[in-house]
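File shown here: protein_1.cif, holding mmCIF, C-alpha atoms.
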data_query
loop_
_atom_site.group_PDB
_atom_site.id
_atom_site.type_symbol
_atom_site.label_atom_id
_atom_site.label_comp_id
_atom_site.auth_asym_id
_atom_site.auth_seq_id
_atom_site.Cartn_x
_atom_site.Cartn_y
_atom_site.Cartn_z
ATOM 1 C CA MET A 1 0.000 0.000 0.000
ATOM 2 C CA LYS A 2 2.800 2.361 0.886
ATOM 3 C CA ASN A 3 4.000 2.494 -2.701
ATOM 4 C CA SER A 4 0.653 3.034 -4.336
ATOM 5 C CA LEU A 5 0.167 6.240 -6.265
ATOM 6 C CA LEU A 6 -2.300 7.565 -3.731
ATOM 7 C CA TYR A 7 0.092 7.285 -0.841
ATOM 8 C CA ARG A 8 2.994 8.556 -2.859
ATOM 9 C CA TYR A 9 1.292 11.889 -3.546
ATOM 10 C CA ALA A 10 -0.201 12.128 -0.082
ATOM 11 C CA SER A 11 3.141 13.425 1.141
ATOM 12 C CA PRO A 12 3.781 17.170 0.763
ATOM 13 C CA GLN A 13 7.299 16.363 -0.432
ATOM 14 C CA GLN A 14 6.038 14.419 -3.444
ATOM 15 C CA PHE A 15 3.111 16.677 -4.116
ATOM 16 C CA TYR A 16 4.961 19.984 -4.108
ATOM 17 C CA PRO A 17 6.792 19.528 -7.453
ATOM 18 C CA LEU A 18 3.772 17.854 -9.090
ATOM 19 C CA ALA A 19 1.595 20.860 -8.260
ATOM 20 C CA GLY A 20 4.313 23.145 -9.550
ATOM 21 C CA THR A 21 4.214 21.414 -12.947
ATOM 22 C CA LEU A 22 0.432 21.520 -13.180
ATOM 23 C CA ILE A 23 -0.142 25.189 -12.268
ATOM 24 C CA PRO A 24 1.097 26.836 -15.513
ATOM 25 C CA TRP A 25 -0.925 24.451 -17.695
ATOM 26 C CA LEU A 26 -4.063 24.943 -15.658
ATOM 27 C CA SER A 27 -3.615 28.715 -15.747
ATOM 28 C CA VAL A 28 -3.310 28.796 -19.540
ATOM 29 C CA LEU A 29 -6.327 26.519 -19.835
ATOM 30 C CA ALA A 30 -8.318 28.782 -17.489
ATOM 31 C CA VAL A 31 -7.570 31.900 -19.540
ATOM 32 C CA LEU A 32 -8.340 30.241 -22.894
ATOM 33 C CA LEU A 33 -11.575 28.593 -21.794
ATOM 34 C CA THR A 34 -12.885 31.695 -20.028
ATOM 35 C CA ALA A 35 -12.024 33.927 -22.993
ATOM 36 C CA ALA A 36 -13.729 31.528 -25.405
ATOM 37 C CA GLY A 37 -16.795 31.242 -23.176
ATOM 38 C CA LEU A 38 -17.139 34.997 -22.755
ATOM 39 C CA TYR A 39 -16.753 35.477 -26.490
ATOM 40 C CA VAL A 40 -19.535 32.999 -27.168
ATOM 41 C CA GLY A 41 -21.725 34.483 -24.444
ATOM 42 C CA LEU A 42 -21.185 38.184 -25.022
ATOM 43 C CA VAL A 43 -20.701 38.296 -28.780
ATOM 44 C CA LEU A 44 -22.146 35.229 -30.500
ATOM 45 C CA ALA A 45 -25.162 34.443 -28.313
ATOM 46 C CA PRO A 46 -28.380 36.239 -29.199
ATOM 47 C CA THR A 47 -30.278 38.601 -26.906
ATOM 48 C CA ASP A 48 -32.843 36.901 -24.685
ATOM 49 C CA TRP A 49 -36.384 37.706 -25.828
ATOM 50 C CA GLN A 50 -37.628 38.107 -22.280
ATOM 51 C CA GLN A 51 -34.759 39.571 -20.247
ATOM 52 C CA GLY A 52 -32.931 41.467 -22.966
ATOM 53 C CA ASP A 53 -29.152 41.705 -22.660
ATOM 54 C CA SER A 54 -29.219 41.680 -18.851
ATOM 55 C CA TYR A 55 -29.428 37.893 -19.063
ATOM 56 C CA ARG A 56 -25.777 37.861 -20.186
ATOM 57 C CA ILE A 57 -24.804 38.160 -16.530
ATOM 58 C CA ILE A 58 -25.543 34.438 -16.237
ATOM 59 C CA TYR A 59 -22.336 33.683 -18.155
ATOM 60 C CA VAL A 60 -20.432 34.611 -15.024
ATOM 61 C CA HIS A 61 -23.138 34.269 -12.389
ATOM 62 C CA VAL A 62 -23.974 30.606 -12.913
ATOM 63 C CA PRO A 63 -20.347 29.384 -13.112
ATOM 64 C CA ALA A 64 -19.475 31.405 -9.984
ATOM 65 C CA ALA A 65 -22.457 30.011 -8.082
ATOM 66 C CA TRP A 66 -21.625 26.450 -9.135
ATOM 67 C CA MET A 67 -17.988 26.847 -8.112
ATOM 68 C CA SER A 68 -18.974 28.306 -4.746
ATOM 69 C CA MET A 69 -20.847 25.077 -3.968
ATOM 70 C CA VAL A 70 -18.463 22.584 -5.591
ATOM 71 C CA ILE A 71 -15.448 24.102 -3.848
ATOM 72 C CA TYR A 72 -17.245 23.942 -0.514
ATOM 73 C CA LEU A 73 -17.931 20.231 -1.020
ATOM 74 C CA ALA A 74 -14.301 19.642 -2.016
ATOM 75 C CA MET A 75 -13.105 21.627 0.996
ATOM 76 C CA ALA A 76 -15.323 19.660 3.384
ATOM 77 C CA PHE A 77 -14.216 16.393 1.758
ATOM 78 C CA TRP A 78 -10.501 17.105 2.188
ATOM 79 C CA ALA A 79 -11.007 18.515 5.682
ATOM 80 C CA GLY A 80 -13.000 15.416 6.657
ATOM 81 C CA LEU A 81 -10.389 13.102 5.156
ATOM 82 C CA GLY A 82 -7.684 14.941 7.089
ATOM 83 C CA LEU A 83 -9.713 14.563 10.263
ATOM 84 C CA VAL A 84 -10.336 10.830 9.850
ATOM 85 C CA MET A 85 -7.095 9.676 8.215
ATOM 86 C CA ASN A 86 -4.878 12.224 9.964
ATOM 87 C CA THR A 87 -3.204 13.095 6.670
ATOM 88 C CA ARG A 88 -1.824 16.594 6.871
ATOM 89 C CA LEU A 89 -1.801 17.248 3.124
ATOM 90 C CA SER A 90 -5.591 16.751 2.907
ATOM 91 C CA SER A 91 -6.131 19.319 5.632
ATOM 92 C CA MET A 92 -3.807 21.724 3.882
ATOM 93 C CA MET A 93 -5.812 21.213 0.686
ATOM 94 C CA ALA A 94 -8.990 22.190 2.543
ATOM 95 C CA SER A 95 -7.356 25.396 3.776
ATOM 96 C CA ALA A 96 -6.066 26.089 0.264
ATOM 97 C CA LEU A 97 -9.555 25.852 -1.227
ATOM 98 C CA ALA A 98 -11.374 28.123 1.230
ATOM 99 C CA PRO A 99 -10.354 31.596 -0.054
ATOM 100 C CA THR A 100 -11.049 30.646 -3.678
ATOM 101 C CA GLY A 101 -14.458 29.294 -2.697
ATOM 102 C CA ALA A 102 -15.200 32.450 -0.734
ATOM 103 C CA MET A 103 -14.212 34.549 -3.746
ATOM 104 C CA PHE A 104 -16.631 32.678 -6.002
ATOM 105 C CA THR A 105 -19.375 33.104 -3.384
ATOM 106 C CA VAL A 106 -18.790 36.862 -3.347
ATOM 107 C CA LEU A 107 -18.930 36.849 -7.154
ATOM 108 C CA ALA A 108 -22.168 34.865 -7.182
ATOM 109 C CA LEU A 109 -23.752 37.338 -4.761
ATOM 110 C CA TRP A 110 -22.374 40.398 -6.546
ATOM 111 C CA THR A 111 -23.409 39.335 -10.047
ATOM 112 C CA GLY A 112 -26.741 38.168 -8.638
ATOM 113 C CA ALA A 113 -27.362 41.634 -7.221
ATOM 114 C CA LEU A 114 -26.487 43.236 -10.560
ATOM 115 C CA TRP A 115 -28.910 40.884 -12.271
ATOM 116 C CA GLY A 116 -31.622 41.305 -9.642
ATOM 117 C CA LYS A 117 -31.745 45.081 -9.827
ATOM 118 C CA PRO A 118 -32.891 45.366 -13.474
ATOM 119 C CA THR A 119 -34.884 42.125 -13.401
ATOM 120 C CA TRP A 120 -36.644 42.147 -10.031
ATOM 121 C CA GLY A 121 -36.141 45.789 -9.160
ATOM 122 C CA ALA A 122 -34.115 44.974 -6.046
ATOM 123 C CA TRP A 123 -30.400 44.396 -5.379
ATOM 124 C CA TRP A 124 -31.212 41.977 -2.627
ATOM 125 C CA VAL A 125 -34.203 40.070 -1.297
ATOM 126 C CA TRP A 126 -34.300 37.719 1.688
ATOM 127 C CA ASP A 127 -35.234 34.825 -0.499
ATOM 128 C CA ALA A 128 -34.236 31.205 0.283
ATOM 129 C CA ARG A 129 -31.677 30.925 -2.527
ATOM 130 C CA LEU A 130 -29.987 34.239 -1.777
ATOM 131 C CA THR A 131 -30.027 33.783 1.976
ATOM 132 C CA SER A 132 -28.533 30.286 1.857
ATOM 133 C CA GLU A 133 -25.804 31.528 -0.507
ATOM 134 C CA LEU A 134 -25.028 34.302 1.979
ATOM 135 C CA ILE A 135 -24.787 31.671 4.729
ATOM 136 C CA LEU A 136 -22.281 29.856 2.497
ATOM 137 C CA LEU A 137 -20.127 32.977 2.498
ATOM 138 C CA PHE A 138 -20.307 33.113 6.297
ATOM 139 C CA LEU A 139 -19.290 29.443 6.453
ATOM 140 C CA TYR A 140 -16.200 30.122 4.342
ATOM 141 C CA ILE A 141 -15.325 33.177 6.434
ATOM 142 C CA GLY A 142 -15.964 31.234 9.640
ATOM 143 C CA PHE A 143 -13.706 28.400 8.471
ATOM 144 C CA MET A 144 -10.847 30.762 7.619
ATOM 145 C CA THR A 145 -11.238 32.865 10.778
ATOM 146 C CA LEU A 146 -11.354 29.798 13.004
ATOM 147 C CA GLN A 147 -8.235 28.352 11.421
ATOM 148 C CA SER A 148 -6.299 31.565 11.659
ATOM 149 C CA ALA A 149 -7.287 31.970 15.318
ATOM 150 C CA ILE A 150 -5.656 28.654 16.327
ATOM 151 C CA THR A 151 -1.875 28.694 16.424
ATOM 152 C CA ASP A 152 -1.273 24.942 16.366
ATOM 153 C CA ALA A 153 -1.732 23.915 12.725
ATOM 154 C CA ARG A 154 -3.046 20.405 13.361
ATOM 155 C CA ARG A 155 -5.555 21.640 15.942
ATOM 156 C CA ALA A 156 -6.651 24.338 13.512
ATOM 157 C CA ASP A 157 -7.128 21.630 10.871
ATOM 158 C CA ARG A 158 -9.370 19.574 13.145
ATOM 159 C CA ALA A 159 -11.480 22.490 14.336
ATOM 160 C CA GLY A 160 -11.905 23.724 10.761
ATOM 161 C CA ALA A 161 -12.878 20.242 9.597
ATOM 162 C CA VAL A 162 -15.709 20.001 12.133
ATOM 163 C CA LEU A 163 -17.071 23.376 11.045
ATOM 164 C CA ALA A 164 -16.733 22.517 7.338
ATOM 165 C CA LEU A 165 -18.521 19.188 7.781
ATOM 166 C CA VAL A 166 -21.411 20.676 9.744
ATOM 167 C CA GLY A 167 -21.786 23.337 7.064
ATOM 168 C CA VAL A 168 -22.226 20.754 4.297
ATOM 169 C CA VAL A 169 -25.923 20.652 5.199
ATOM 170 C CA ASN A 170 -26.228 24.097 3.620
ATOM 171 C CA ILE A 171 -25.248 22.886 0.131
ATOM 172 C CA PRO A 172 -28.401 20.874 -0.670
ATOM 173 C CA ILE A 173 -30.393 23.723 0.856
ATOM 174 C CA ILE A 174 -28.882 26.161 -1.654
ATOM 175 C CA TYR A 175 -29.263 23.752 -4.538
ATOM 176 C CA PHE A 176 -32.852 22.722 -3.912
ATOM 177 C CA SER A 177 -34.047 26.032 -2.434
ATOM 178 C CA VAL A 178 -35.679 27.034 -5.712
ATOM 179 C CA LYS A 179 -37.718 23.829 -5.622
ATOM 180 C CA TRP A 180 -38.505 23.594 -1.917
ATOM 181 C CA TRP A 181 -39.666 27.144 -1.458
ATOM 182 C CA ASN A 182 -41.550 29.558 -3.614
ATOM 183 C CA THR A 183 -38.607 31.789 -4.270
ATOM 184 C CA LEU A 184 -38.142 34.812 -6.435
ATOM 185 C CA HIS A 185 -35.016 33.226 -7.869
ATOM 186 C CA GLN A 186 -35.686 31.374 -11.096
ATOM 187 C CA GLY A 187 -35.383 27.594 -11.304
ATOM 188 C CA ALA A 188 -32.267 25.705 -12.352
ATOM 189 C CA SER A 189 -30.916 26.626 -15.783
ATOM 190 C CA ILE A 190 -29.584 23.138 -16.282
ATOM 191 C CA SER A 191 -30.768 19.912 -14.748
ATOM 192 C CA LEU A 192 -29.491 16.377 -15.048
ATOM 193 C CA THR A 193 -32.898 14.944 -15.797
ATOM 194 C CA ALA A 194 -34.415 17.343 -18.328
ATOM 195 C CA ALA A 195 -33.221 18.829 -21.581
ATOM 196 C CA PRO A 196 -31.684 22.273 -21.095
ATOM 197 C CA SER A 197 -34.228 25.068 -21.322
ATOM 198 C CA MET A 198 -31.833 27.371 -23.116
ATOM 199 C CA ALA A 199 -30.395 27.762 -26.609
ATOM 200 C CA HIS A 200 -27.349 25.623 -27.436
ATOM 201 C CA VAL A 201 -25.095 28.592 -28.036
ATOM 202 C CA MET A 202 -25.982 30.060 -24.632
ATOM 203 C CA LEU A 203 -25.371 26.717 -22.998
ATOM 204 C CA ALA A 204 -22.013 26.377 -24.757
ATOM 205 C CA GLY A 205 -20.880 29.790 -23.522
ATOM 206 C CA MET A 206 -21.884 29.028 -19.974
ATOM 207 C CA LEU A 207 -20.193 25.622 -19.975
ATOM 208 C CA LEU A 208 -16.956 27.039 -21.400
ATOM 209 C CA VAL A 209 -16.777 29.683 -18.671
ATOM 210 C CA THR A 210 -17.547 26.969 -16.112
ATOM 211 C CA LEU A 211 -14.672 24.815 -17.373
ATOM 212 C CA GLY A 212 -12.434 27.877 -17.235
ATOM 213 C CA ALA A 213 -13.523 28.468 -13.645
ATOM 214 C CA TRP A 214 -12.687 24.845 -12.801
ATOM 215 C CA ALA A 215 -9.200 25.170 -14.287
ATOM 216 C CA TYR A 216 -8.710 28.464 -12.452
ATOM 217 C CA SER A 217 -9.849 26.948 -9.150
ATOM 218 C CA PHE A 218 -7.425 24.045 -9.488
ATOM 219 C CA ALA A 219 -4.575 26.408 -10.322
ATOM 220 C CA ALA A 220 -5.357 28.804 -7.463
ATOM 221 C CA ALA A 221 -5.855 26.027 -4.899
ATOM 222 C CA LEU A 222 -2.637 24.273 -5.922
ATOM 223 C CA ALA A 223 -0.687 27.538 -5.824
ATOM 224 C CA ARG A 224 -2.029 28.266 -2.341
ATOM 225 C CA LEU A 225 -1.341 24.683 -1.265
ATOM 226 C CA ARG A 226 2.293 25.146 -2.259
ATOM 227 C CA CYS A 227 2.440 28.312 -0.137
ATOM 228 C CA ILE A 228 0.929 26.474 2.826
ATOM 229 C CA ILE A 229 3.455 23.640 2.411
ATOM 230 C CA LEU A 230 6.304 26.171 2.377
ATOM 231 C CA GLU A 231 4.935 27.904 5.460
ATOM 232 C CA ARG A 232 4.271 24.794 7.478
ATOM 233 C CA GLU A 233 7.151 22.573 6.480
ATOM 234 C CA LYS A 234 9.856 25.165 6.663
ATOM 235 C CA ARG A 235 11.835 23.023 9.079
ATOM 236 C CA SER A 236 11.890 20.002 6.750
ATOM 237 C CA PRO A 237 15.201 19.349 5.045
ATOM 238 C CA TRP A 238 13.570 18.310 1.728
ATOM 239 C CA LEU A 239 12.467 21.873 1.064
ATOM 240 C CA LYS A 240 16.081 22.915 0.660
ATOM 241 C CA GLU A 241 16.273 21.459 -2.824
ATOM 242 C CA ALA A 242 12.612 21.842 -3.784
ATOM 243 C CA ALA A 243 12.284 25.559 -3.177
ATOM 244 C CA MET B 1 -19.143 48.495 -30.921
ATOM 245 C CA SER B 2 -20.790 51.157 -28.769
ATOM 246 C CA GLU B 3 -24.068 49.363 -29.212
ATOM 247 C CA TRP B 4 -22.412 46.233 -27.932
ATOM 248 C CA LEU B 5 -21.041 48.091 -24.902
ATOM 249 C CA HIS B 6 -24.470 49.555 -24.299
ATOM 250 C CA MET B 7 -25.981 46.049 -23.935
ATOM 251 C CA GLY B 8 -29.498 47.228 -24.681
ATOM 252 C CA GLY B 9 -29.420 49.611 -21.711
ATOM 253 C CA TYR B 10 -28.016 47.028 -19.308
ATOM 254 C CA GLY B 11 -24.364 47.919 -19.947
ATOM 255 C CA LEU B 12 -23.578 48.944 -16.387
ATOM 256 C CA TYR B 13 -25.064 45.744 -14.962
ATOM 257 C CA VAL B 14 -23.488 43.409 -17.498
ATOM 258 C CA TRP B 15 -20.029 45.014 -17.492
ATOM 259 C CA GLY B 16 -20.180 45.513 -13.739
ATOM 260 C CA SER B 17 -20.624 41.758 -13.426
ATOM 261 C CA ILE B 18 -18.040 40.704 -15.988
ATOM 262 C CA GLY B 19 -15.518 43.279 -14.768
ATOM 263 C CA VAL B 20 -15.626 42.244 -11.115
ATOM 264 C CA SER B 21 -15.602 38.571 -12.142
ATOM 265 C CA LEU B 22 -12.278 39.167 -13.862
ATOM 266 C CA LEU B 23 -10.931 41.594 -11.268
ATOM 267 C CA LEU B 24 -11.310 39.372 -8.184
ATOM 268 C CA PRO B 25 -9.447 36.371 -9.671
ATOM 269 C CA LEU B 26 -6.725 38.791 -10.780
ATOM 270 C CA CYS B 27 -6.460 40.087 -7.200
ATOM 271 C CA GLU B 28 -6.307 36.528 -5.922
ATOM 272 C CA TYR B 29 -3.529 35.744 -8.376
ATOM 273 C CA LEU B 30 -1.522 38.761 -7.200
ATOM 274 C CA ALA B 31 -2.153 37.911 -3.539
ATOM 275 C CA LEU B 32 -0.895 34.377 -4.165
ATOM 276 C CA ARG B 33 2.282 35.683 -5.769
ATOM 277 C CA LEU B 34 2.947 37.907 -2.739
ATOM 278 C CA ARG B 35 2.237 35.041 -0.357
ATOM 279 C CA ARG B 36 4.617 32.756 -2.222
ATOM 280 C CA ARG B 37 7.363 35.369 -2.185
ATOM 281 C CA ALA B 38 6.901 35.922 1.549
ATOM 282 C CA ALA B 39 6.915 32.168 2.215
ATOM 283 C CA LEU B 40 10.139 31.665 0.247
ATOM 284 C CA GLU B 41 11.742 34.578 2.064
ATOM 285 C CA GLN B 42 10.772 33.120 5.420
ATOM 286 C CA LEU B 43 12.053 29.707 4.368
ATOM 287 C CA LYS B 44 15.413 31.164 3.411
ATOM 288 C CA HIS B 45 15.587 32.895 6.765
ATOM 289 C CA GLN B 46 14.819 29.677 8.579
ATOM 290 C CA GLN B 47 17.435 27.739 6.651
ATOM 291 C CA ASP B 48 20.133 30.369 7.200
ATOM 292 C CA HIS B 49 19.239 30.236 10.858
ATOM 293 C CA ASP B 50 19.491 26.422 10.926
ATOM 294 C CA GLU B 51 22.932 26.459 9.415
ATOM 295 C CA THR B 52 24.405 28.787 11.994
#
Now that the file is in, can you turn its structure into structure tokens?
Amino acid sequence: MKNSLLYRYASPQQFYPLAGTLIPWLSVLAVLLTAAGLYVGLVLAPTDWQQGDSYRIIYVHVPAAWMSMVIYLAMAFWAGLGLVMNTRLSSMMASALAPTGAMFTVLALWTGALWGKPTWGAWWVWDARLTSELILLFLYIGFMTLQSAITDARRADRAGAVLALVGVVNIPIIYFSVKWWNTLHQGASISLTAAPSMAHVMLAGMLLVTLGAWAYSFAAALARLRCIILEREKRSPWLKEAA
Amino acid sequence: MSEWLHMGGYGLYVWGSIGVSLLLPLCEYLALRLRRRAALEQLKHQQDHDET
């Protein structure tokens, strides 16, 4: 088991150079995909017959909202794995994901407000979808604040993991809020069970930006993970050659 | 071109969304570069200290 690929890259020493190789590729991919997606969405896609050009905000709003939830799940997964398996790299990965997830949550809320104003006539409403997304932001901030308040890194990891895992309950609430409650927010743009309710070109633009956001998130999380490794393992002799 | 920027009257909302969505990742990228530089600096310090 010790030699399996999984265990090999579970050590910061092995992972550090691997992440370093991946980051430039992921960054290039992120820029290309996002640029292509925005071109499709802002130039090629037609104006929506109902919402006019304000609908074009979805090309950044939907990817940001998706990432805010996916990154939270990934963060909770790695934090939980670190808690159970006592693997320090998993916990570091959770900490590396949090700021990027928080950034996407801010973007989802910001672009949502800019869409809500012309469409609903209000920047903000205390609707189930919006409120649960705001709680997501507080969960990210809580996770980061809690971790930075505890000096001992491994204790900070464990405390953060408990908070992250409890907060997972909020994710299905965000996702299904538009079904469970009569909200002002419109229903899902894309569902796994039904054909998409939007034109193919619009869908293509949105998916391209989403893929770009994925590549960006990987690059940012890996770059931050490398910083965390440098900060935490500064007494390890292996870093002499690696850095 | 100006019609495109106008976005049927929603220009401020659309570009306000796209702009911030590009600006925040850019800020994160810059923050990460600073953090990496600081971490490497600290590491060098630590290693110089270890050697003496």
Within 8 Å of chain B: residues of chain A, using all atoms listed in the file, as a PyMOL selection string: chain A and resi 52-54+56-57+60-61+100+103+107+110-111+114-115+118+220+223-224+226-227+230-231+234-235+240+243
Taking the file as shown, what set of residues would the PyMOL selection byres ((chain A and resi 221) around 9) give back, as a PyMOL selection string? chain A and resi 93-100+216-220+222-226
Can you turn the PyMOL selection byres ((chain A and resi 155-169) around 6) into a concrete residue list for this file, as a list in words? Ala76, Ala79, Gly80, Leu83, Ser91, Phe143, Gln147, Ile150, Asp152, Ala153, Arg154, Asn170 and Ile171 of chain A
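CA of Gly212 in chain A is found 10.7 Å from CA of Met67 in chain A.
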Record the distance separating CA of Thr34 in chain A and CA of Val178 in chain A, expressed in Å with one decimal. 27.3 Å
Of the residues A:Arg129, A:Arg88, A:His185, A:Lys117, which is the one nearest to Ile229 in chain A, using all atoms listed in the file? A:Arg88
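As for CA of Phe104 in chain A and CA of Ser177 in chain A, they are spaced 19.0 Å apart.
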List the residues sitting within 10 Å of (-26.7, 36.8, -27.0) in the file's frame, using all atoms listed in the file, as an mmCIF file with C-alpha atoms, in the coordinates of the input.
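Generated file (part21.cif):
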data_model
loop_
_atom_site.group_PDB
_atom_site.id
_atom_site.type_symbol
_atom_site.label_atom_id
_atom_site.label_comp_id
_atom_site.auth_asym_id
_atom_site.auth_seq_id
_atom_site.Cartn_x
_atom_site.Cartn_y
_atom_site.Cartn_z
ATOM 1 C CA VAL A 40 -19.535 32.999 -27.168
ATOM 2 C CA GLY A 41 -21.725 34.483 -24.444
ATOM 3 C CA LEU A 42 -21.185 38.184 -25.022
ATOM 4 C CA VAL A 43 -20.701 38.296 -28.780
ATOM 5 C CA LEU A 44 -22.146 35.229 -30.500
ATOM 6 C CA ALA A 45 -25.162 34.443 -28.313
ATOM 7 C CA PRO A 46 -28.380 36.239 -29.199
ATOM 8 C CA THR A 47 -30.278 38.601 -26.906
ATOM 9 C CA ASP A 48 -32.843 36.901 -24.685
ATOM 10 C CA TRP A 49 -36.384 37.706 -25.828
ATOM 11 C CA GLY A 52 -32.931 41.467 -22.966
ATOM 12 C CA ASP A 53 -29.152 41.705 -22.660
ATOM 13 C CA SER A 54 -29.219 41.680 -18.851
ATOM 14 C CA TYR A 55 -29.428 37.893 -19.063
ATOM 15 C CA ARG A 56 -25.777 37.861 -20.186
ATOM 16 C CA ALA A 199 -30.395 27.762 -26.609
ATOM 17 C CA VAL A 201 -25.095 28.592 -28.036
ATOM 18 C CA MET A 202 -25.982 30.060 -24.632
ATOM 19 C CA GLY A 205 -20.880 29.790 -23.522
ATOM 20 C CA MET B 7 -25.981 46.049 -23.935
#
